[in-house]
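Novice: Once you've had a glance at the structure underneath, I'll fire off some questions.
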Amino acid sequence: MRMSKLFFQTLREVPNDAETVSHQLLLRAGLVRQVAAGIFDYLPLGQIVKDKIERIIREEMNAIDGQEVTLPMVHPAEIWQQSGRWYEIGDDMARLKDRNGRDMCLGMTHEELIAELVSQVVTSYRQLPFVLYQIQTKFRDEPRPRAGLIRVREFTMKDAYSFDRDVAGIDAFYPRIYQSYFNIFRRCGIDVIAVESDTGMMGGTMAHEFMALTPIGEDTLLLCDNCGYKANRQIATFQKPVMADGEARPLVEVETPNVNTIAALADFLQIPETATAKAIFLMAEMQNNAGELYEQFVFAVIRGDMELNETKLTNAIKARRLRPATPEEIRAIGAEPGYGSPVGVQRDKVLLLVDDLIPQSTNLVAGANRKDWHYRNVNYGRDYEADIVTDLVAAGDGAGCPQCGAALRSVRGVEVGNIFKLGTKYSEAMGATYLDENGKEHPIVMGSYGIGSGRLIACVLEECHDEQGIQWPITIAPYQVMLVSLATQRSPEVAEAADRIYQDLRNAGIEVLYDDRDERAGVKFNDADLLGIPIRLTVGGKGLANGIVERKLRRTGESGEIALDSLVAGVQELIAGEEAVVRALLKEEKLN
C-alpha cells in the first residue's frame with residue numbers, strides 16, 4: 001500500500017480524553033476513530049490488525065476442531081426469557097421492539113441462541129462432542145466506557161461453545177481450549193496469565209480469565225510466587241488468621257461518643273481492629289421462582305480488619321445486584337448507622353450473613369445499635385446466629401496463600417479472554433438434549449469461551465510501545481515492512497529505485513507500506529515510529545550510490561544496511577527473525 005493512497009491521519013497531540021497509552025496510540029496512529037462513548041470506527045490500519053488477530057484465533061480454534069458459524073446479533077426476547085436471563089440482566093442489555101411490538105434485544109453473548117440451534121440439530125450421542133464458534137459483533141450498554149478499546153459498548157468477540165455428553169467430556173476438552181488461548185495471545189506477541197475467576201452472569205462450575213498484566217487493569221489478581229496459586233480477587237481465598245480471645249465473656253455496653261468507624265473504635269478503646277466486628281448494610285435485588293423482582297435487606301458481618309468482597313456475597317445469596325442501604329432502611333430493622341451489630345435487630349426483616357472467620361473469633365467489639373454505644377464481648381452463637389456462614393472477605397497483598405501459606409502478591413490486569421464450564425444450565429433451559437446408547441435422554445453439557453479482539457489490540461499496545469509510538473509484533477502488524485523514500489524533485493532516481501524495491505518486495509509476498517508522500521524526511525520517520533511497522537527500509541541517494549538500503553528494527557532500534565542485490569533475501573531474513581521472537585513465547589501450559 002502506498003501511503004499517498006492510504007486512508008489515515010496521524011495526530012501529533014495526545015487527545016485530552018485519552019488517558020491510557022493504548023487509547024492515545026489508537027487515535028494518534030489513525031487506527032480507530034470514536035463515534036460515541038464506547039463505539040469506534042476501525043480505519044484501514046486498525047482493520048488489518050483486527051483481521052490478523054482474528055485469523056490467528058480462527059487457526060487455533062480450527063486446530064481443536066472448532067467449526068465456524070454466524071448467529072444473529074438481534075435476538076427475540078423469548079430466547080432469553082426461556083433461560084431466565086432476560087429478567088436477571090439489567091441495563092447492560094440493549095432492548096428494543098420490532099415494528100410489530102415484539103420484544104427484542106442486541107446480543108451481548110450467545111449461550112441461549114447456540115443452545116437453541118443445537119437443540120434443533122442434535123438428537124443422538126453419536127453427534128457429540130463438537131465445538132462451534134463465531135467472530136461477531138456484540139453490544140453491552142456499559143455504564144462507564146473507558147480506556148479506548150479496553151471497555152467499550154460495541155465490540156467484536158470470538159465466542160466458542162463446546163457440547164459434550166457428560167462432565168468427563170468437558171473436563172477432557174477444557175485443557176485443550178486453555179492451551180489454545182495461551183497460543184492465541186502469545187502468537188499475538190503478548191504473554192498472559194490464567195486465573196480462577198467468578199462465573200458471573202454466565203453461570204457454571206468453573207471459569208478462568210486470561211489476564212494481561214498492566215497497571216491500567218480494572219481487575220486485581222492475587223498471585224503466589226511460591227506455589228503458583230492465581231485467582232481474581234473476586235473469588236480469591238486465603239488463610240485467615242484466627243484471633244480468638246479465650247472463653248466467651250459477658251456482654252458489656254461501653255460508651256463510645258462520636259466513634260462510628262472501625263479505625264476510630266480501635267483507637268478509642270486501644271484494641272486491634274482484629275478484635276472488632278464490622279457491620280455492612282446492603283439492599284439486594286432478588287428474583288423469586290416466578291421471576292418477580294424484590295429487594296431484600298442484607299446484613300453482613302465481617303471482622304473489623306477485613307474488607308467485604310461483594311462478589312462473594314452476591315454469589316452466596318444469588319442476588320442480581322447490591323446497593324448500600326439508606327440510614328432510614330437501616331433504622332427500620334432496629335440497627336443504627338455507624339453503631340450497628342446483629343445483636344437485637346429485627347431478624348424477620350434481615351438476611352444475615354457472617355464471614356466464616358466470625359464464629360472462630362471470640363469477644364469481639366460490635367455496635368450496640370444505638371448512637372455512641374458499642375458492645376464488648378459479642379460472640380457468635382450465643383448473642384446471635386446467621387442465616388448463612390460463608391467466606392465473605394477479600395484477599396489482599398500479604399494474605400496467606402490458601403494452598404501453601406506464603407504471602408500473596410496483588411497485581412492489576414485486563415481480562416483479554418475467558419473460559420467457562422457451563423454445565424447444563426442453558427441446554428436444559430433450551431431443550432438441547434441427546435439420546436444415549438440405551439435411548440435415555442440427557443441434557444448436553446456445555447462450555448463457553450470468549451476473546452475480544454479489540455481489547456486484545458489495546459493490551460498489545462499497552463505492552464508494545466515506546467515514547468515514539470507503537471512496536472507491533474510482526475504477526476499482527478498492519479504491514480511487515482515500512483519502505484521510506486527520501487526522493488526529492490532533484491533526485492527522481494531515488495523515487496524510481498524505491499518504486500522498484502516496492503514491487504520486488506510485493507512480488508515476493510512481503511507486506512509493504514510504502515511512504516511515497518511528498519513530505520520531509522523527519523515527518524516520514526516520525527510517522528514510521530508512531531505506526532510501529534516492525535522493519536523500516538530507507539531508500540536515499542547516498543545509499544543507492546553505495547548499493548545499499550538502510551534498515552532498522554522498530555522493536556529494538558537496531559539499524560544496519562542491506563545490499564540492493566540481495567534485498568529481498570535480506571528482508572525475508574529479518575522477517576524470520578521477528579517471527580522467531582514471537583514463536584519463542586509459545587510453550588505448553590498446565591491447567592492448575
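Each chain in the C-alpha cells gets a letter, A, B, ..., in the order shown, and its residues are numbered from 1; ligands are numbered from 1 in order too.
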Name all residues at most 8 Å from Tyr380 of chain A (count only C-alpha atoms; drop same-chain ones fewer than 5 positions away) and give them as a JSON list (two decimals) with C-alpha atoms, in the first residue's frame.

Specialist:
```
[["chain", "number", "residue", "atom", "x", "y", "z"],
["A", 358, "ILE", "CA", -16.52, -14.67, 62.83],
["A", 359, "PRO", "CA", -17.56, -17.92, 64.59],
["A", 362, "THR", "CA", -14.43, -14.59, 70.43],
["A", 385, "GLU", "CA", -26.86, -16.58, 64.70]]
```

Novice: Quick one: residues within 7 Å of Glu253 of chain A, only C-alpha atoms, excluding same-chain residues fewer than 5 positions away - as an MDAnalysis selection string?

Specialist: chainID A and resid 373:376

Novice: Just N, CA, C and O atoms for this one: save the residues we selected as a PDB file, in the first residue's frame.

Specialist:
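Written output follows (selection_10.pdb):
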```
ATOM      1  N   TRP A 373     -22.743   4.136  71.305  1.00  0.00           N
ATOM      2  CA  TRP A 373     -22.553   2.987  72.200  1.00  0.00           C
ATOM      3  C   TRP A 373     -22.140   1.736  71.398  1.00  0.00           C
ATOM      4  O   TRP A 373     -22.580   1.530  70.273  1.00  0.00           O
ATOM      5  N   HIS A 374     -21.257   0.951  72.028  1.00  0.00           N
ATOM      6  CA  HIS A 374     -20.854  -0.338  71.480  1.00  0.00           C
ATOM      7  C   HIS A 374     -20.962  -1.422  72.555  1.00  0.00           C
ATOM      8  O   HIS A 374     -21.054  -1.111  73.744  1.00  0.00           O
ATOM      9  N   TYR A 375     -20.951  -2.668  72.080  1.00  0.00           N
ATOM     10  CA  TYR A 375     -20.874  -3.817  72.975  1.00  0.00           C
ATOM     11  C   TYR A 375     -19.445  -4.372  72.978  1.00  0.00           C
ATOM     12  O   TYR A 375     -18.815  -4.497  71.927  1.00  0.00           O
ATOM     13  N   ARG A 376     -18.956  -4.744  74.152  1.00  0.00           N
ATOM     14  CA  ARG A 376     -17.785  -5.606  74.255  1.00  0.00           C
ATOM     15  C   ARG A 376     -18.268  -7.057  74.364  1.00  0.00           C
ATOM     16  O   ARG A 376     -19.370  -7.331  74.837  1.00  0.00           O
TER      17      ARG A 376
END
```

Novice: Extract, using only C-alpha atoms, all DNA, RNA and protein residues at most 7 Å from segment 80-91 of chain A, discarding same-chain residues fewer than 6 positions from it, and format them as a list in words.

Specialist: Glu112, Asp141, Gly291, Arg320, Tyr426, Ala429 and Met430 of chain A

Novice: Emit the selected residues as an mmCIF file, in the first residue's frame, including C-alpha atoms.

Specialist:
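Below you can see result_8.cif, which holds the result:
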```cif
data_model
loop_
_atom_site.group_PDB
_atom_site.id
_atom_site.type_symbol
_atom_site.label_atom_id
_atom_site.label_comp_id
_atom_site.auth_asym_id
_atom_site.auth_seq_id
_atom_site.Cartn_x
_atom_site.Cartn_y
_atom_site.Cartn_z
ATOM 1 C CA GLU A 112 -29.109 -19.155 24.565
ATOM 2 C CA ASP A 141 -24.536 -0.930 27.214
ATOM 3 C CA GLY A 291 -39.402 -14.335 38.008
ATOM 4 C CA ARG A 320 -28.842 -9.643 40.817
ATOM 5 C CA TYR A 426 -28.517 -23.481 29.037
ATOM 6 C CA ALA A 429 -33.404 -24.287 29.500
ATOM 7 C CA MET A 430 -33.365 -24.543 25.702
#
```

Novice: Using only C-alpha atoms, which protein or nucleic acid residues come within 6 Å of segment 336-348 of chain A? Drop anything in the same chain fewer than 2 positions from it, and give the result as a PyMOL selection string.

Specialist: chain A and resi 260+279+331+333-334+350+366-367+369-370+384

Novice: Just how far from atom CA of Phe8 of chain A is atom CA of Val539 of chain A, in Å to one decimal?

Specialist: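 That distance, rounded to one decimal, is 22.7 Å.
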
Novice: So that I can check the secondary structure, give me every residue of segment 34-238 of chain A assigned alpha helix (DSSP H) by backbone DSSP, as number ranges by chain.

Specialist: A: 44-63, 77-83, 85-88, 111-121, 167-187

Novice: Taking into account only C-alpha atoms, which residue in the set A:Val445, A:Leu322, A:Ala477, A:Val131 is nearest to Val49 of chain A?

Specialist: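 Ranked by minimum distance to Val49 of chain A, first place goes to A:Ala477.
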
Novice: Quick one: DSSP strand (DSSP E) residues in segment 234-336 of chain A, as an mmCIF file with all heavy atoms, in the first residue's frame?

Specialist:
```cif
data_model
loop_
_atom_site.group_PDB
_atom_site.id
_atom_site.type_symbol
_atom_site.label_atom_id
_atom_site.label_comp_id
_atom_site.auth_asym_id
_atom_site.auth_seq_id
_atom_site.Cartn_x
_atom_site.Cartn_y
_atom_site.Cartn_z
ATOM 1 N N VAL A 252 -21.057 -6.572 77.516
ATOM 2 C CA VAL A 252 -20.968 -5.326 78.280
ATOM 3 C C VAL A 252 -21.124 -4.149 77.322
ATOM 4 O O VAL A 252 -20.504 -4.117 76.263
ATOM 5 C CB VAL A 252 -19.611 -5.213 79.021
ATOM 6 C CG1 VAL A 252 -19.500 -3.867 79.728
ATOM 7 C CG2 VAL A 252 -19.429 -6.360 79.993
ATOM 8 N N GLU A 253 -21.963 -3.172 77.719
ATOM 9 C CA GLU A 253 -22.084 -1.950 76.926
ATOM 10 C C GLU A 253 -20.986 -0.967 77.323
ATOM 11 O O GLU A 253 -20.645 -0.859 78.506
ATOM 12 C CB GLU A 253 -23.444 -1.300 77.138
ATOM 13 C CG GLU A 253 -24.554 -1.897 76.298
ATOM 14 C CD GLU A 253 -25.810 -1.043 76.327
ATOM 15 O OE1 GLU A 253 -26.266 -0.711 77.439
ATOM 16 O OE2 GLU A 253 -26.315 -0.692 75.253
ATOM 17 N N VAL A 254 -20.461 -0.250 76.332
ATOM 18 C CA VAL A 254 -19.441 0.761 76.591
ATOM 19 C C VAL A 254 -19.795 2.004 75.776
ATOM 20 O O VAL A 254 -20.167 1.907 74.605
ATOM 21 C CB VAL A 254 -18.029 0.238 76.255
ATOM 22 C CG1 VAL A 254 -17.938 -0.219 74.803
ATOM 23 C CG2 VAL A 254 -16.982 1.317 76.518
ATOM 24 N N GLU A 255 -19.681 3.156 76.398
ATOM 25 C CA GLU A 255 -19.985 4.409 75.690
ATOM 26 C C GLU A 255 -18.828 4.779 74.784
ATOM 27 O O GLU A 255 -17.667 4.776 75.194
ATOM 28 C CB GLU A 255 -20.261 5.540 76.689
ATOM 29 C CG GLU A 255 -20.796 6.803 76.017
ATOM 30 C CD GLU A 255 -21.231 7.860 77.008
ATOM 31 O OE1 GLU A 255 -20.950 7.698 78.220
ATOM 32 O OE2 GLU A 255 -21.858 8.851 76.587
ATOM 33 N N ALA A 277 -15.880 -6.252 65.152
ATOM 34 C CA ALA A 277 -16.750 -6.796 64.109
ATOM 35 C C ALA A 277 -17.315 -5.626 63.302
ATOM 36 O O ALA A 277 -17.769 -4.635 63.872
ATOM 37 C CB ALA A 277 -17.880 -7.619 64.704
ATOM 38 N N LYS A 278 -17.267 -5.760 62.000
ATOM 39 C CA LYS A 278 -17.743 -4.704 61.100
ATOM 40 C C LYS A 278 -19.124 -5.071 60.569
ATOM 41 O O LYS A 278 -19.340 -6.191 60.085
ATOM 42 C CB LYS A 278 -16.751 -4.524 59.944
ATOM 43 C CG LYS A 278 -17.081 -3.380 58.996
ATOM 44 C CD LYS A 278 -16.119 -3.368 57.803
ATOM 45 C CE LYS A 278 -14.690 -3.135 58.218
ATOM 46 N NZ LYS A 278 -13.775 -3.054 57.042
ATOM 47 N N ALA A 279 -20.053 -4.120 60.640
ATOM 48 C CA ALA A 279 -21.416 -4.323 60.135
ATOM 49 C C ALA A 279 -21.566 -3.620 58.796
ATOM 50 O O ALA A 279 -21.227 -2.446 58.661
ATOM 51 C CB ALA A 279 -22.431 -3.779 61.131
ATOM 52 N N ILE A 280 -22.081 -4.333 57.801
ATOM 53 C CA ILE A 280 -22.300 -3.770 56.466
ATOM 54 C C ILE A 280 -23.757 -3.985 56.096
ATOM 55 O O ILE A 280 -24.266 -5.117 56.140
ATOM 56 C CB ILE A 280 -21.378 -4.423 55.424
ATOM 57 C CG1 ILE A 280 -19.904 -4.173 55.803
ATOM 58 C CG2 ILE A 280 -21.631 -3.861 54.044
ATOM 59 C CD1 ILE A 280 -19.034 -5.342 55.636
ATOM 60 N N PHE A 281 -24.444 -2.888 55.740
ATOM 61 C CA PHE A 281 -25.874 -2.925 55.444
ATOM 62 C C PHE A 281 -26.081 -2.702 53.954
ATOM 63 O O PHE A 281 -25.647 -1.682 53.395
ATOM 64 C CB PHE A 281 -26.612 -1.845 56.221
ATOM 65 C CG PHE A 281 -26.399 -1.934 57.714
ATOM 66 C CD1 PHE A 281 -25.575 -1.021 58.365
ATOM 67 C CD2 PHE A 281 -27.020 -2.918 58.457
ATOM 68 C CE1 PHE A 281 -25.381 -1.089 59.732
ATOM 69 C CE2 PHE A 281 -26.838 -2.996 59.829
ATOM 70 C CZ PHE A 281 -26.014 -2.084 60.475
ATOM 71 N N LEU A 282 -26.770 -3.622 53.305
ATOM 72 C CA LEU A 282 -26.977 -3.564 51.863
ATOM 73 C C LEU A 282 -28.421 -3.899 51.530
ATOM 74 O O LEU A 282 -29.116 -4.572 52.305
ATOM 75 C CB LEU A 282 -26.051 -4.559 51.148
ATOM 76 C CG LEU A 282 -24.545 -4.355 51.345
ATOM 77 C CD1 LEU A 282 -23.785 -5.610 50.963
ATOM 78 C CD2 LEU A 282 -24.056 -3.174 50.525
ATOM 79 N N MET A 283 -28.852 -3.452 50.359
ATOM 80 C CA MET A 283 -30.120 -3.884 49.786
ATOM 81 C C MET A 283 -29.800 -4.687 48.535
ATOM 82 O O MET A 283 -29.060 -4.227 47.659
ATOM 83 C CB MET A 283 -31.004 -2.695 49.449
ATOM 84 C CG MET A 283 -31.401 -1.840 50.634
ATOM 85 S SD MET A 283 -32.328 -2.736 51.904
ATOM 86 C CE MET A 283 -33.849 -3.124 51.007
ATOM 87 N N ALA A 284 -30.346 -5.893 48.472
ATOM 88 C CA ALA A 284 -30.083 -6.787 47.344
ATOM 89 C C ALA A 284 -31.324 -6.912 46.476
ATOM 90 O O ALA A 284 -32.430 -7.112 46.990
ATOM 91 C CB ALA A 284 -29.668 -8.161 47.856
ATOM 92 N N GLU A 285 -31.124 -6.781 45.165
ATOM 93 C CA GLU A 285 -32.219 -7.052 44.233
ATOM 94 C C GLU A 285 -32.244 -8.551 43.976
ATOM 95 O O GLU A 285 -31.271 -9.126 43.495
ATOM 96 C CB GLU A 285 -32.022 -6.284 42.928
ATOM 97 C CG GLU A 285 -33.189 -6.456 41.962
ATOM 98 C CD GLU A 285 -33.001 -5.676 40.680
ATOM 99 O OE1 GLU A 285 -33.135 -4.433 40.727
ATOM 100 O OE2 GLU A 285 -32.694 -6.310 39.650
ATOM 101 N N MET A 286 -33.367 -9.190 44.318
ATOM 102 C CA MET A 286 -33.513 -10.636 44.221
ATOM 103 C C MET A 286 -34.633 -10.982 43.246
ATOM 104 O O MET A 286 -35.439 -10.120 42.873
ATOM 105 C CB MET A 286 -33.814 -11.231 45.601
ATOM 106 C CG MET A 286 -32.881 -10.778 46.716
ATOM 107 S SD MET A 286 -31.260 -11.543 46.647
ATOM 108 C CE MET A 286 -31.655 -13.181 47.260
ATOM 109 N N GLN A 287 -34.675 -12.254 42.879
ATOM 110 C CA GLN A 287 -35.727 -12.726 41.982
ATOM 111 C C GLN A 287 -36.312 -14.007 42.556
ATOM 112 O O GLN A 287 -35.573 -14.931 42.914
ATOM 113 C CB GLN A 287 -35.152 -12.993 40.584
ATOM 114 C CG GLN A 287 -36.174 -13.403 39.554
ATOM 115 C CD GLN A 287 -35.541 -13.581 38.178
ATOM 116 O OE1 GLN A 287 -34.330 -13.539 38.041
ATOM 117 N NE2 GLN A 287 -36.367 -13.764 37.168
ATOM 118 N N LEU A 293 -39.181 -9.564 40.771
ATOM 119 C CA LEU A 293 -38.062 -8.924 41.464
ATOM 120 C C LEU A 293 -38.529 -8.326 42.778
ATOM 121 O O LEU A 293 -39.656 -7.829 42.884
ATOM 122 C CB LEU A 293 -37.457 -7.837 40.584
ATOM 123 C CG LEU A 293 -36.894 -8.275 39.225
ATOM 124 C CD1 LEU A 293 -36.323 -7.074 38.476
ATOM 125 C CD2 LEU A 293 -35.838 -9.355 39.389
ATOM 126 N N TYR A 294 -37.657 -8.381 43.758
ATOM 127 C CA TYR A 294 -37.943 -7.741 45.039
ATOM 128 C C TYR A 294 -36.620 -7.370 45.699
ATOM 129 O O TYR A 294 -35.547 -7.860 45.315
ATOM 130 C CB TYR A 294 -38.756 -8.671 45.949
ATOM 131 C CG TYR A 294 -38.007 -9.912 46.387
ATOM 132 C CD1 TYR A 294 -37.364 -9.966 47.631
ATOM 133 C CD2 TYR A 294 -37.946 -11.039 45.564
ATOM 134 C CE1 TYR A 294 -36.681 -11.097 48.039
ATOM 135 C CE2 TYR A 294 -37.262 -12.178 45.970
ATOM 136 C CZ TYR A 294 -36.629 -12.201 47.206
ATOM 137 O OH TYR A 294 -35.943 -13.316 47.603
ATOM 138 N N GLU A 295 -36.697 -6.469 46.704
ATOM 139 C CA GLU A 295 -35.491 -6.069 47.431
ATOM 140 C C GLU A 295 -35.451 -6.743 48.797
ATOM 141 O O GLU A 295 -36.474 -6.841 49.479
ATOM 142 C CB GLU A 295 -35.430 -4.546 47.602
ATOM 143 C CG GLU A 295 -34.864 -3.823 46.388
ATOM 144 C CD GLU A 295 -34.298 -2.459 46.731
ATOM 145 O OE1 GLU A 295 -34.953 -1.755 47.529
ATOM 146 O OE2 GLU A 295 -33.229 -2.100 46.208
ATOM 147 N N GLN A 296 -34.265 -7.191 49.153
ATOM 148 C CA GLN A 296 -34.051 -7.865 50.428
ATOM 149 C C GLN A 296 -32.983 -7.106 51.209
ATOM 150 O O GLN A 296 -31.915 -6.801 50.678
ATOM 151 C CB GLN A 296 -33.574 -9.299 50.182
ATOM 152 C CG GLN A 296 -33.104 -10.039 51.415
ATOM 153 C CD GLN A 296 -34.224 -10.311 52.396
ATOM 154 O OE1 GLN A 296 -35.218 -10.935 52.041
ATOM 155 N NE2 GLN A 296 -34.076 -9.837 53.630
ATOM 156 N N PHE A 297 -33.272 -6.797 52.479
ATOM 157 C CA PHE A 297 -32.258 -6.186 53.340
ATOM 158 C C PHE A 297 -31.232 -7.263 53.704
ATOM 159 O O PHE A 297 -31.584 -8.325 54.201
ATOM 160 C CB PHE A 297 -32.884 -5.615 54.611
ATOM 161 C CG PHE A 297 -31.959 -4.703 55.377
ATOM 162 C CD1 PHE A 297 -32.091 -3.335 55.305
ATOM 163 C CD2 PHE A 297 -30.928 -5.231 56.150
ATOM 164 C CE1 PHE A 297 -31.226 -2.500 55.999
ATOM 165 C CE2 PHE A 297 -30.057 -4.414 56.843
ATOM 166 C CZ PHE A 297 -30.204 -3.038 56.759
ATOM 167 N N VAL A 298 -29.964 -6.945 53.443
ATOM 168 C CA VAL A 298 -28.874 -7.881 53.713
ATOM 169 C C VAL A 298 -27.929 -7.259 54.726
ATOM 170 O O VAL A 298 -27.472 -6.122 54.554
ATOM 171 C CB VAL A 298 -28.104 -8.238 52.417
ATOM 172 C CG1 VAL A 298 -26.913 -9.134 52.737
ATOM 173 C CG2 VAL A 298 -29.035 -8.913 51.427
ATOM 174 N N PHE A 299 -27.649 -7.994 55.766
ATOM 175 C CA PHE A 299 -26.761 -7.550 56.832
ATOM 176 C C PHE A 299 -25.562 -8.503 56.817
ATOM 177 O O PHE A 299 -25.704 -9.704 57.034
ATOM 178 C CB PHE A 299 -27.512 -7.626 58.170
ATOM 179 C CG PHE A 299 -26.815 -6.986 59.344
ATOM 180 C CD1 PHE A 299 -27.552 -6.667 60.485
ATOM 181 C CD2 PHE A 299 -25.454 -6.704 59.346
ATOM 182 C CE1 PHE A 299 -26.947 -6.089 61.587
ATOM 183 C CE2 PHE A 299 -24.842 -6.130 60.435
ATOM 184 C CZ PHE A 299 -25.572 -5.816 61.563
ATOM 185 N N ALA A 300 -24.382 -7.970 56.537
ATOM 186 C CA ALA A 300 -23.163 -8.782 56.505
ATOM 187 C C ALA A 300 -22.270 -8.392 57.680
ATOM 188 O O ALA A 300 -22.113 -7.204 57.988
ATOM 189 C CB ALA A 300 -22.424 -8.587 55.190
ATOM 190 N N VAL A 301 -21.687 -9.371 58.318
ATOM 191 C CA VAL A 301 -20.772 -9.137 59.434
ATOM 192 C C VAL A 301 -19.428 -9.779 59.106
ATOM 193 O O VAL A 301 -19.357 -10.974 58.799
ATOM 194 C CB VAL A 301 -21.316 -9.729 60.752
ATOM 195 C CG1 VAL A 301 -20.357 -9.430 61.897
ATOM 196 C CG2 VAL A 301 -22.703 -9.179 61.057
ATOM 197 N N ILE A 302 -18.377 -8.980 59.167
ATOM 198 C CA ILE A 302 -17.019 -9.472 58.938
ATOM 199 C C ILE A 302 -16.129 -8.925 60.046
ATOM 200 O O ILE A 302 -16.514 -7.997 60.777
ATOM 201 C CB ILE A 302 -16.474 -9.047 57.555
ATOM 202 C CG1 ILE A 302 -16.368 -7.528 57.454
ATOM 203 C CG2 ILE A 302 -17.352 -9.594 56.445
ATOM 204 C CD1 ILE A 302 -15.737 -7.046 56.153
ATOM 205 N N ARG A 303 -14.948 -9.480 60.199
ATOM 206 C CA ARG A 303 -14.053 -8.951 61.213
ATOM 207 C C ARG A 303 -13.566 -7.564 60.803
ATOM 208 O O ARG A 303 -13.423 -7.278 59.605
ATOM 209 C CB ARG A 303 -12.865 -9.896 61.440
ATOM 210 C CG ARG A 303 -12.268 -9.770 62.834
ATOM 211 C CD ARG A 303 -11.287 -10.867 63.124
ATOM 212 N NE ARG A 303 -10.098 -10.759 62.277
ATOM 213 C CZ ARG A 303 -9.112 -11.638 62.283
ATOM 214 N NH1 ARG A 303 -9.179 -12.708 63.055
ATOM 215 N NH2 ARG A 303 -8.065 -11.474 61.500
ATOM 216 N N ARG A 321 -28.062 -7.684 41.982
ATOM 217 C CA ARG A 321 -27.151 -6.562 42.229
ATOM 218 C C ARG A 321 -27.339 -6.106 43.668
ATOM 219 O O ARG A 321 -28.322 -6.455 44.335
ATOM 220 C CB ARG A 321 -27.400 -5.411 41.254
ATOM 221 C CG ARG A 321 -28.799 -4.848 41.263
ATOM 222 C CD ARG A 321 -28.953 -3.721 40.242
ATOM 223 N NE ARG A 321 -28.627 -4.165 38.910
ATOM 224 C CZ ARG A 321 -29.488 -4.778 38.091
ATOM 225 N NH1 ARG A 321 -30.714 -5.019 38.503
ATOM 226 N NH2 ARG A 321 -29.126 -5.123 36.883
ATOM 227 N N LEU A 322 -26.398 -5.293 44.143
ATOM 228 C CA LEU A 322 -26.423 -4.775 45.509
ATOM 229 C C LEU A 322 -26.349 -3.260 45.482
ATOM 230 O O LEU A 322 -25.789 -2.676 44.550
ATOM 231 C CB LEU A 322 -25.232 -5.309 46.308
ATOM 232 C CG LEU A 322 -25.084 -6.825 46.452
ATOM 233 C CD1 LEU A 322 -23.744 -7.154 47.079
ATOM 234 C CD2 LEU A 322 -26.221 -7.394 47.289
ATOM 235 N N ARG A 323 -26.894 -2.642 46.518
ATOM 236 C CA ARG A 323 -26.703 -1.209 46.727
ATOM 237 C C ARG A 323 -26.598 -0.963 48.228
ATOM 238 O O ARG A 323 -27.116 -1.752 49.040
ATOM 239 C CB ARG A 323 -27.849 -0.389 46.130
ATOM 240 C CG ARG A 323 -29.198 -0.572 46.815
ATOM 241 C CD ARG A 323 -30.209 0.461 46.351
ATOM 242 N NE ARG A 323 -31.541 0.237 46.918
ATOM 243 C CZ ARG A 323 -31.927 0.647 48.116
ATOM 244 N NH1 ARG A 323 -31.077 1.320 48.911
ATOM 245 N NH2 ARG A 323 -33.160 0.413 48.559
ATOM 246 N N PRO A 324 -25.960 0.137 48.641
ATOM 247 C CA PRO A 324 -25.906 0.440 50.071
ATOM 248 C C PRO A 324 -27.303 0.750 50.607
ATOM 249 O O PRO A 324 -28.111 1.403 49.948
ATOM 250 C CB PRO A 324 -24.999 1.673 50.141
ATOM 251 C CG PRO A 324 -24.240 1.682 48.852
ATOM 252 C CD PRO A 324 -25.143 1.074 47.835
#
```

Novice: Considering only C-alpha atoms, return as a PyMOL selection string whatever protein or nucleic-acid residues lie within 8 Å of Asp92 of chain A, sequence-local ones (same chain, fewer than 4 positions apart) excluded.

Specialist: chain A and resi 140-143

Novice: Can you work out which one of A:His208, A:Arg151, A:Arg2, A:Arg583 has the shortest atom-to-atom distance to Asp499 of chain A, counting only C-alpha atoms?

Specialist: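 Nearest candidate to Asp499 of chain A out of A:His208, A:Arg151, A:Arg2, A:Arg583: A:Arg2.
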
Novice: Using only C-alpha atoms, tabulate the residues of segment 283-386 of chain A lying at most 12 Å from any atom of segment 183-202 of chain A, each with its closest atom pair and that distance in Å to one decimal, by chain and increasing residue number, as CSV.

Specialist:
```
residue,atom,partner,partner_atom,distance
A:Asn309,CA,A:Asp198,CA,11.9
A:Glu310,CA,A:Asp198,CA,11.6
A:Thr311,CA,A:Asp198,CA,7.9
A:Lys312,CA,A:Asp198,CA,8.7
A:Leu313,CA,A:Asp198,CA,11.9
A:Thr314,CA,A:Gly200,CA,9.5
A:Asn315,CA,A:Gly200,CA,8.1
A:Ala316,CA,A:Gly200,CA,11.9
A:Lys318,CA,A:Gly200,CA,10.1
A:Ala319,CA,A:Met201,CA,10.6
A:Arg320,CA,A:Met201,CA,8.9
A:Arg321,CA,A:Met201,CA,11.0
```

Novice: With only C-alpha atoms as the counted atoms, please give the residues lying no more than 12 Å from Leu128 of chain A, apart from itself and same-chain residues fewer than 4 positions off, as a list of chain:residue names.

Specialist: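 Listed by chain and then number, they are A:Val118, A:Val121, A:Val122, A:Thr123, A:Ser124, A:Leu132, A:Ser162, A:Phe163, A:Asp164, A:Arg165, A:Asp166, A:Gly169, A:Ile170, A:Ala432, A:Thr433, A:Tyr434, A:Leu435, A:Asp436, A:Pro443, A:Ile444, A:Val445, A:Met446.
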
Novice: Could you check which of A:Leu251, A:Val494, A:Cys227, A:Leu483 is closest to Gln403 of chain A, using only C-alpha atoms?

Specialist: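 Once distances to Gln403 of chain A are computed over only C-alpha atoms, the minimum belongs to A:Cys227.
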